[in-house]
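A.B. asks: Below you'll find the structure I mean.
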Amino acid sequence: MYSSLKSEKKWNLQVVLFIPQSCLPVHLTYFFLHLLMSWTMPSPSFTFTRNMENRNQSTVTEFIFTGFPQLQDGSLLYFFPLLFIYTFIIISNLLIFSAVRLNTHLHNPMYNFISIFSFLEIWYSTATIPKMLSNLISEKKAISMTSCLLQMYFFHSLGNSEGILLTTMAIDRYVAICSPLRYHMIMTPWLCAQLSAGSCIFGFLILLPEIVIISTLPFCGPNQIHQIFCDLVPVLSLACTDTSMILIEDVIHAVTIIITGLIIALSYIRIITVILRIPSAEGRGKAFSSCAGHLMVFLIFFGSVSLMYLRFSDTYPPVLDTAIALMFTVLTPFFNPIIYSLRNKDMKNAIKKLLCLQKVLTKSGKSGG
């Protein structure tokens, strides 16, 4: 019943080091998208590329964020807590990733998926938080058109990859709890490697056409984004043309979010049903602890996604809108490594060993010097 928690000896070095390779589309797609937008985007400064009716209107080359407090309103008070949170997110996720990669006892599908999720979380936070920090200490809260499109693309692509990966993790837990004897026959290292790569590749490809289309839209003013980062709907609302076709894609994305959430929810309903049938209390506790962390991450992640994009109202008050955006972009990545490290005994032991190894290497380096 708990075979998913045992180490898998068949994981070779190629699979252990698979994550950075599987997520290479992050870097390759950045180059491709930047090159593609350099062809499709209007030239910077004030060029006249409008149609016959709007020939005398100038093209917007940057956007201004209005969701940030001004310097005189105490924006520096928000800078240092946000810097601490971002530093914590990067360091904690690097620790989880390194602990799983370097500890052979954690070379099984569940921890492999956790390490990939941590790797994606680093870039997911980096897509938005550094620009937020920059805006908090600058008088002009601006972002260029190209940077805005790249931020939208990477933020949502990484979010898509994480959502797909969470679905994969739910299926992994379903097989481990509901079919423990067949678990290692089904969740083979090769299948896990394919699922890992598929999550990254599909997550980055699904949004590419929409971003390329948005890059060709005319923006002639106003250029104020009522948000703290570049998001699809606020940017589309500034376009000087009909964007209904693109908004249809957003409806499709919303339906996808709902379907993904339902798949994970149904998986856990079945998992909880099976766990409750285990006769011993100790057995139920061990079985539930193997999936409790993922369930909590799922609730936080999809809860924030739902508040952000599955709205009953088109507009929220600015303060509430900013609070939801902060929860979605900052607090969710902040809590995820805490859940995976503090609630998991194997992960805590692996991180302690990693830190002890680091201390030993540091001391030996000093003594050798």
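Note on naming: chains are A, B, ... as they come in the structure tokens, residues start from 1 per chain, ligands start from 1 in the order shown.
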Leaving out Lys352 (chain A) and any residue of its chain fewer than 2 positions from it, which residues lie within 12 Å of it when counting only C-alpha atoms, given as a ChimeraX atom specification?

C.D. replies: /A:95-96,98-100,103,341-342,345-350,354-359

A.B. asks: Please provide the set of residues having any atom within 9 Å of Leu133 (chain A), restricted to only C-alpha atoms, with same-chain residues fewer than 6 positions apart removed, written as a list in words.

C.D. replies: Tyr78, Phe79, Phe80, Leu82 and Leu83 of chain A

A.B. asks: Mind dumping the selected residues with N, CA, C and O atoms as a PDB file, in the first residue's frame?

C.D. replies:
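And here is the file that came out, again.pdb:
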ATOM      1  N   TYR A  78       6.796  47.761   1.248  1.00  0.00           N
ATOM      2  CA  TYR A  78       6.412  46.508   0.607  1.00  0.00           C
ATOM      3  C   TYR A  78       7.612  45.832  -0.054  1.00  0.00           C
ATOM      4  O   TYR A  78       7.575  44.623  -0.317  1.00  0.00           O
ATOM      5  N   PHE A  79       8.655  46.584  -0.348  1.00  0.00           N
ATOM      6  CA  PHE A  79       9.798  46.054  -1.085  1.00  0.00           C
ATOM      7  C   PHE A  79      10.523  44.962  -0.307  1.00  0.00           C
ATOM      8  O   PHE A  79      10.781  43.867  -0.837  1.00  0.00           O
ATOM      9  N   PHE A  80      10.873  45.226   0.958  1.00  0.00           N
ATOM     10  CA  PHE A  80      11.688  44.280   1.718  1.00  0.00           C
ATOM     11  C   PHE A  80      10.945  42.984   2.053  1.00  0.00           C
ATOM     12  O   PHE A  80      11.534  41.899   1.950  1.00  0.00           O
ATOM     13  N   LEU A  82       8.626  41.610   0.218  1.00  0.00           N
ATOM     14  CA  LEU A  82       8.550  40.898  -1.062  1.00  0.00           C
ATOM     15  C   LEU A  82       9.908  40.324  -1.450  1.00  0.00           C
ATOM     16  O   LEU A  82       9.988  39.206  -1.979  1.00  0.00           O
ATOM     17  N   LEU A  83      10.984  41.067  -1.177  1.00  0.00           N
ATOM     18  CA  LEU A  83      12.332  40.560  -1.455  1.00  0.00           C
ATOM     19  C   LEU A  83      12.630  39.334  -0.599  1.00  0.00           C
ATOM     20  O   LEU A  83      13.219  38.356  -1.090  1.00  0.00           O
TER      21      LEU A  83
END

A.B. asks: Let me make sure I understand: among A:Ile272, A:Ile122, A:Cys220, A:Cys291, which one has the smallest atom-to-atom distance to Met110 (chain A) if we use only C-alpha atoms?

C.D. replies: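 Checking each candidate against Met110 (chain A), we get A:Cys291 as the closest.
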
A.B. asks: Please provide the set of residues having any atom within 8 Å of Phe113 (chain A), restricted to only C-alpha atoms, with same-chain residues fewer than 6 positions apart removed, written as a list of chain:residue names.

C.D. replies: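 Once the adjacent positions are removed, what remains is A:Leu165, A:Met169, A:Ser196.
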
A.B. asks: Just write the chosen residues, N, CA and C atoms, as a short mmCIF file (atom, residue, chain, number, x, y, z; two decimals), in the first residue's frame.

C.D. replies:
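Result file selection_13.cif:
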data_model
loop_
_atom_site.label_atom_id
_atom_site.label_comp_id
_atom_site.auth_asym_id
_atom_site.auth_seq_id
_atom_site.Cartn_x
_atom_site.Cartn_y
_atom_site.Cartn_z
N LEU A 165 1.27 19.25 -14.35
CA LEU A 165 2.08 18.41 -13.47
C LEU A 165 1.30 18.01 -12.22
N MET A 169 0.56 14.31 -10.93
CA MET A 169 0.84 13.87 -9.56
C MET A 169 -0.40 13.27 -8.91
N SER A 196 6.98 14.08 -17.43
CA SER A 196 7.69 15.30 -17.02
C SER A 196 7.95 16.21 -18.21
#

A.B. asks: So that I can see what lies close to Leu94 (chain A), please list as a PyMOL selection string the residues with an atom at most 9 Å from it, counting only C-alpha atoms and leaving out residues fewer than 6 positions away in the same chain.

C.D. replies: chain A and resi 115+118-119+122

A.B. asks: Could those residues be written to a file, using N, CA, C and O atoms, as a short mmCIF file (atom, residue, chain, number, x, y, z; two decimals), in the first residue's frame?

C.D. replies:
data_model
loop_
_atom_site.label_atom_id
_atom_site.label_comp_id
_atom_site.auth_asym_id
_atom_site.auth_seq_id
_atom_site.Cartn_x
_atom_site.Cartn_y
_atom_site.Cartn_z
N SER A 115 10.22 17.42 -7.41
CA SER A 115 11.41 18.19 -7.77
C SER A 115 11.19 19.00 -9.05
O SER A 115 11.66 20.13 -9.16
N SER A 118 9.15 22.00 -8.11
CA SER A 118 10.00 23.01 -7.46
C SER A 118 10.84 23.76 -8.49
O SER A 118 11.02 24.98 -8.38
N PHE A 119 11.34 23.04 -9.48
CA PHE A 119 12.13 23.67 -10.54
C PHE A 119 11.28 24.68 -11.31
O PHE A 119 11.71 25.81 -11.60
N ILE A 122 10.55 28.02 -9.34
CA ILE A 122 11.62 29.02 -9.36
C ILE A 122 11.41 29.99 -10.52
O ILE A 122 11.47 31.22 -10.35
#

A.B. asks: According to DSSP computed on the backbone, where in region 66-177 of chain A is there alpha helix (DSSP H)? Give the residues as a VMD selection string.

C.D. replies: chain A and resid 76 to 102 109 to 126 129 to 136 145 to 177

A.B. asks: Leaving out Thr260 (chain A) and any residue of its chain fewer than 5 positions from it, which residues lie within 8 Å of it when counting only C-alpha atoms, given as a list of chain:residue names?

C.D. replies: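 The residues that qualify are A:Gly163, A:Ile164, A:Thr167.
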
A.B. asks: Could you give me, as an MDAnalysis selection string, the residues within 12 Å of region 140-143 of chain A, counting only C-alpha atoms and dropping anything in the same chain fewer than 6 positions from it?

C.D. replies: chainID A and resid 60:71 75 128 131:134 149:152 223:230 235

A.B. asks: Okay, now the selection with C-alpha atoms, as a PDB file, in the first residue's frame?

C.D. replies:
ATOM      1  CA  VAL A  60       2.040  52.474 -27.600  1.00  0.00           C
ATOM      2  CA  THR A  61       5.547  51.207 -26.825  1.00  0.00           C
ATOM      3  CA  GLU A  62       5.194  50.671 -23.060  1.00  0.00           C
ATOM      4  CA  PHE A  63       2.570  50.045 -20.396  1.00  0.00           C
ATOM      5  CA  ILE A  64       2.204  51.709 -16.996  1.00  0.00           C
ATOM      6  CA  PHE A  65       1.162  49.677 -13.932  1.00  0.00           C
ATOM      7  CA  THR A  66      -1.350  51.423 -11.679  1.00  0.00           C
ATOM      8  CA  GLY A  67      -1.631  48.711  -9.013  1.00  0.00           C
ATOM      9  CA  PHE A  68       1.560  49.749  -7.193  1.00  0.00           C
ATOM     10  CA  PRO A  69       1.765  52.330  -4.401  1.00  0.00           C
ATOM     11  CA  GLN A  70       3.894  55.392  -5.112  1.00  0.00           C
ATOM     12  CA  LEU A  71       7.198  56.055  -3.337  1.00  0.00           C
ATOM     13  CA  SER A  75       6.167  51.520  -1.457  1.00  0.00           C
ATOM     14  CA  THR A 128       6.862  38.394 -12.178  1.00  0.00           C
ATOM     15  CA  LYS A 131       9.745  43.242 -12.038  1.00  0.00           C
ATOM     16  CA  MET A 132       7.437  43.920  -9.079  1.00  0.00           C
ATOM     17  CA  LEU A 133      10.477  44.674  -6.916  1.00  0.00           C
ATOM     18  CA  SER A 134      11.828  47.017  -9.575  1.00  0.00           C
ATOM     19  CA  LEU A 149       4.348  39.974 -23.791  1.00  0.00           C
ATOM     20  CA  LEU A 150       7.265  37.825 -22.624  1.00  0.00           C
ATOM     21  CA  GLN A 151       6.140  38.127 -19.007  1.00  0.00           C
ATOM     22  CA  MET A 152       2.604  37.043 -19.934  1.00  0.00           C
ATOM     23  CA  ASN A 223      -1.467  52.406 -21.808  1.00  0.00           C
ATOM     24  CA  GLN A 224      -2.339  51.957 -18.123  1.00  0.00           C
ATOM     25  CA  ILE A 225      -2.636  48.379 -16.826  1.00  0.00           C
ATOM     26  CA  HIS A 226      -4.751  48.212 -13.680  1.00  0.00           C
ATOM     27  CA  GLN A 227      -2.720  45.333 -12.234  1.00  0.00           C
ATOM     28  CA  ILE A 228       0.719  44.590 -10.724  1.00  0.00           C
ATOM     29  CA  PHE A 229       1.901  42.383 -13.604  1.00  0.00           C
ATOM     30  CA  CYS A 230       1.084  41.889 -17.273  1.00  0.00           C
ATOM     31  CA  VAL A 235      -3.626  43.966 -21.764  1.00  0.00           C
TER      32      VAL A 235
END

A.B. asks: Would you please work out which residue, of A:Trp190, A:Phe202, A:Trp123, A:Phe301, is nearest to Asn336 (chain A) when using only C-alpha atoms?

C.D. replies: A:Phe301

A.B. asks: Would you compute the distance between CA of Ile129 (chain A) and CA of Met327 (chain A)? Give it in Å to one decimal.

C.D. replies: 12.1 Å

A.B. asks: Given the choices A:Ile271, A:Ile339, A:Val297, A:Ala197, which gets closest to Ile177 (chain A) if the distance is worked out from only C-alpha atoms?

C.D. replies: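 Of the candidates, the smallest distance to Ile177 (chain A) is held by A:Ile271.
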
A.B. asks: Within 7 Å of region 265-270 of chain A, counting only C-alpha atoms, which residues show up once you throw out same-chain ones fewer than 4 positions away? Write them as a PyMOL selection string, please.

C.D. replies: chain A and resi 170-171+174+261+274

A.B. asks: Selection from above, N, CA, C and O atoms, as an mmCIF file, in the first residue's frame, can you write it?

C.D. replies:
data_model
loop_
_atom_site.group_PDB
_atom_site.id
_atom_site.type_symbol
_atom_site.label_atom_id
_atom_site.label_comp_id
_atom_site.auth_asym_id
_atom_site.auth_seq_id
_atom_site.Cartn_x
_atom_site.Cartn_y
_atom_site.Cartn_z
ATOM 1 N N ALA A 170 -1.572 13.801 -9.226
ATOM 2 C CA ALA A 170 -2.811 13.228 -8.685
ATOM 3 C C ALA A 170 -3.029 11.816 -9.221
ATOM 4 O O ALA A 170 -3.432 10.908 -8.479
ATOM 5 N N ILE A 171 -2.747 11.624 -10.509
ATOM 6 C CA ILE A 171 -2.880 10.287 -11.106
ATOM 7 C C ILE A 171 -1.861 9.334 -10.489
ATOM 8 O O ILE A 171 -2.165 8.158 -10.213
ATOM 9 N N TYR A 174 -3.124 8.330 -7.205
ATOM 10 C CA TYR A 174 -4.281 7.442 -7.401
ATOM 11 C C TYR A 174 -3.812 6.005 -7.637
ATOM 12 O O TYR A 174 -4.317 5.059 -7.032
ATOM 13 N N GLY A 261 -9.259 20.722 -12.643
ATOM 14 C CA GLY A 261 -9.618 20.683 -11.228
ATOM 15 C C GLY A 261 -10.546 19.525 -10.899
ATOM 16 O O GLY A 261 -10.398 18.874 -9.853
ATOM 17 N N VAL A 274 -10.677 4.895 -0.689
ATOM 18 C CA VAL A 274 -9.847 3.698 -0.509
ATOM 19 C C VAL A 274 -9.113 3.758 0.831
ATOM 20 O O VAL A 274 -9.014 2.748 1.549
#

A.B. asks: For each of A:Glu210, A:Tyr124, A:Ser280, A:Ala292, take the minimum atom-to-atom distance to Ile89 (chain A), counting only C-alpha atoms, then give the residue where this is smallest.

C.D. replies: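 Counting only C-alpha atoms, the residue closest to Ile89 (chain A) is A:Tyr124.
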
A.B. asks: Can you work out which one of A:Val175, A:Met185, A:Ile137, A:Leu207 has the shortest atom-to-atom distance to Leu77 (chain A), counting only C-alpha atoms?

C.D. replies: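 For Leu77 (chain A), the nearest of the given residues is A:Ile137.
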
A.B. asks: Looking at A:Ile300, A:Cys148, A:Met308, A:Ile263, which one is nearest to Thr332 (chain A), with distances taken over only C-alpha atoms?

C.D. replies: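 Ranked by minimum distance to Thr332 (chain A), first place goes to A:Ile300.
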
A.B. asks: I'd like the interatomic distance between CA of Asn93 (chain A) and CA of Tyr183 (chain A), to a tenth of an Å.

C.D. replies: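 Result for CA of Asn93 (chain A) versus CA of Tyr183 (chain A): 27.1 Å, one decimal.
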
A.B. asks: For CA of Ile264 (chain A) and CA of Phe97 (chain A), determine how far apart the two atoms are, in Å to one decimal place.

C.D. replies: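 So the answer is 23.7 Å.
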
A.B. asks: Write out as a ChimeraX atom specification the set of residues from region 61-227 of chain A that DSSP, computed on the backbone, places in strand (DSSP E).

C.D. replies: /A:62-65,142-144,224-225

A.B. asks: Quick one: write out the picked residues with N, CA and C atoms as a PDB file, in the first residue's frame?

C.D. replies:
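To be explicit, this is the file written out as result17.pdb:
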ATOM      1  N   GLU A  62       5.032  51.141 -24.429  1.00  0.00           N
ATOM      2  CA  GLU A  62       5.194  50.671 -23.060  1.00  0.00           C
ATOM      3  C   GLU A  62       3.865  50.780 -22.320  1.00  0.00           C
ATOM      4  N   PHE A  63       3.753  50.016 -21.243  1.00  0.00           N
ATOM      5  CA  PHE A  63       2.570  50.045 -20.396  1.00  0.00           C
ATOM      6  C   PHE A  63       2.959  50.551 -19.011  1.00  0.00           C
ATOM      7  N   ILE A  64       2.004  51.184 -18.346  1.00  0.00           N
ATOM      8  CA  ILE A  64       2.204  51.709 -16.996  1.00  0.00           C
ATOM      9  C   ILE A  64       1.322  50.931 -16.026  1.00  0.00           C
ATOM     10  N   PHE A  65       1.928  50.389 -14.954  1.00  0.00           N
ATOM     11  CA  PHE A  65       1.162  49.677 -13.932  1.00  0.00           C
ATOM     12  C   PHE A  65       0.577  50.685 -12.947  1.00  0.00           C
ATOM     13  N   ALA A 142       6.738  51.191 -15.177  1.00  0.00           N
ATOM     14  CA  ALA A 142       6.518  50.922 -16.592  1.00  0.00           C
ATOM     15  C   ALA A 142       7.159  49.603 -17.006  1.00  0.00           C
ATOM     16  N   ILE A 143       6.682  49.068 -18.133  1.00  0.00           N
ATOM     17  CA  ILE A 143       7.243  47.870 -18.751  1.00  0.00           C
ATOM     18  C   ILE A 143       7.087  48.013 -20.261  1.00  0.00           C
ATOM     19  N   SER A 144       8.091  47.617 -21.001  1.00  0.00           N
ATOM     20  CA  SER A 144       8.022  47.729 -22.456  1.00  0.00           C
ATOM     21  C   SER A 144       7.032  46.711 -23.021  1.00  0.00           C
ATOM     22  N   GLN A 224      -2.377  52.270 -19.554  1.00  0.00           N
ATOM     23  CA  GLN A 224      -2.339  51.957 -18.123  1.00  0.00           C
ATOM     24  C   GLN A 224      -2.963  50.587 -17.848  1.00  0.00           C
ATOM     25  N   ILE A 225      -2.169  49.711 -17.214  1.00  0.00           N
ATOM     26  CA  ILE A 225      -2.636  48.379 -16.826  1.00  0.00           C
ATOM     27  C   ILE A 225      -3.010  48.428 -15.349  1.00  0.00           C
TER      28      ILE A 225
END
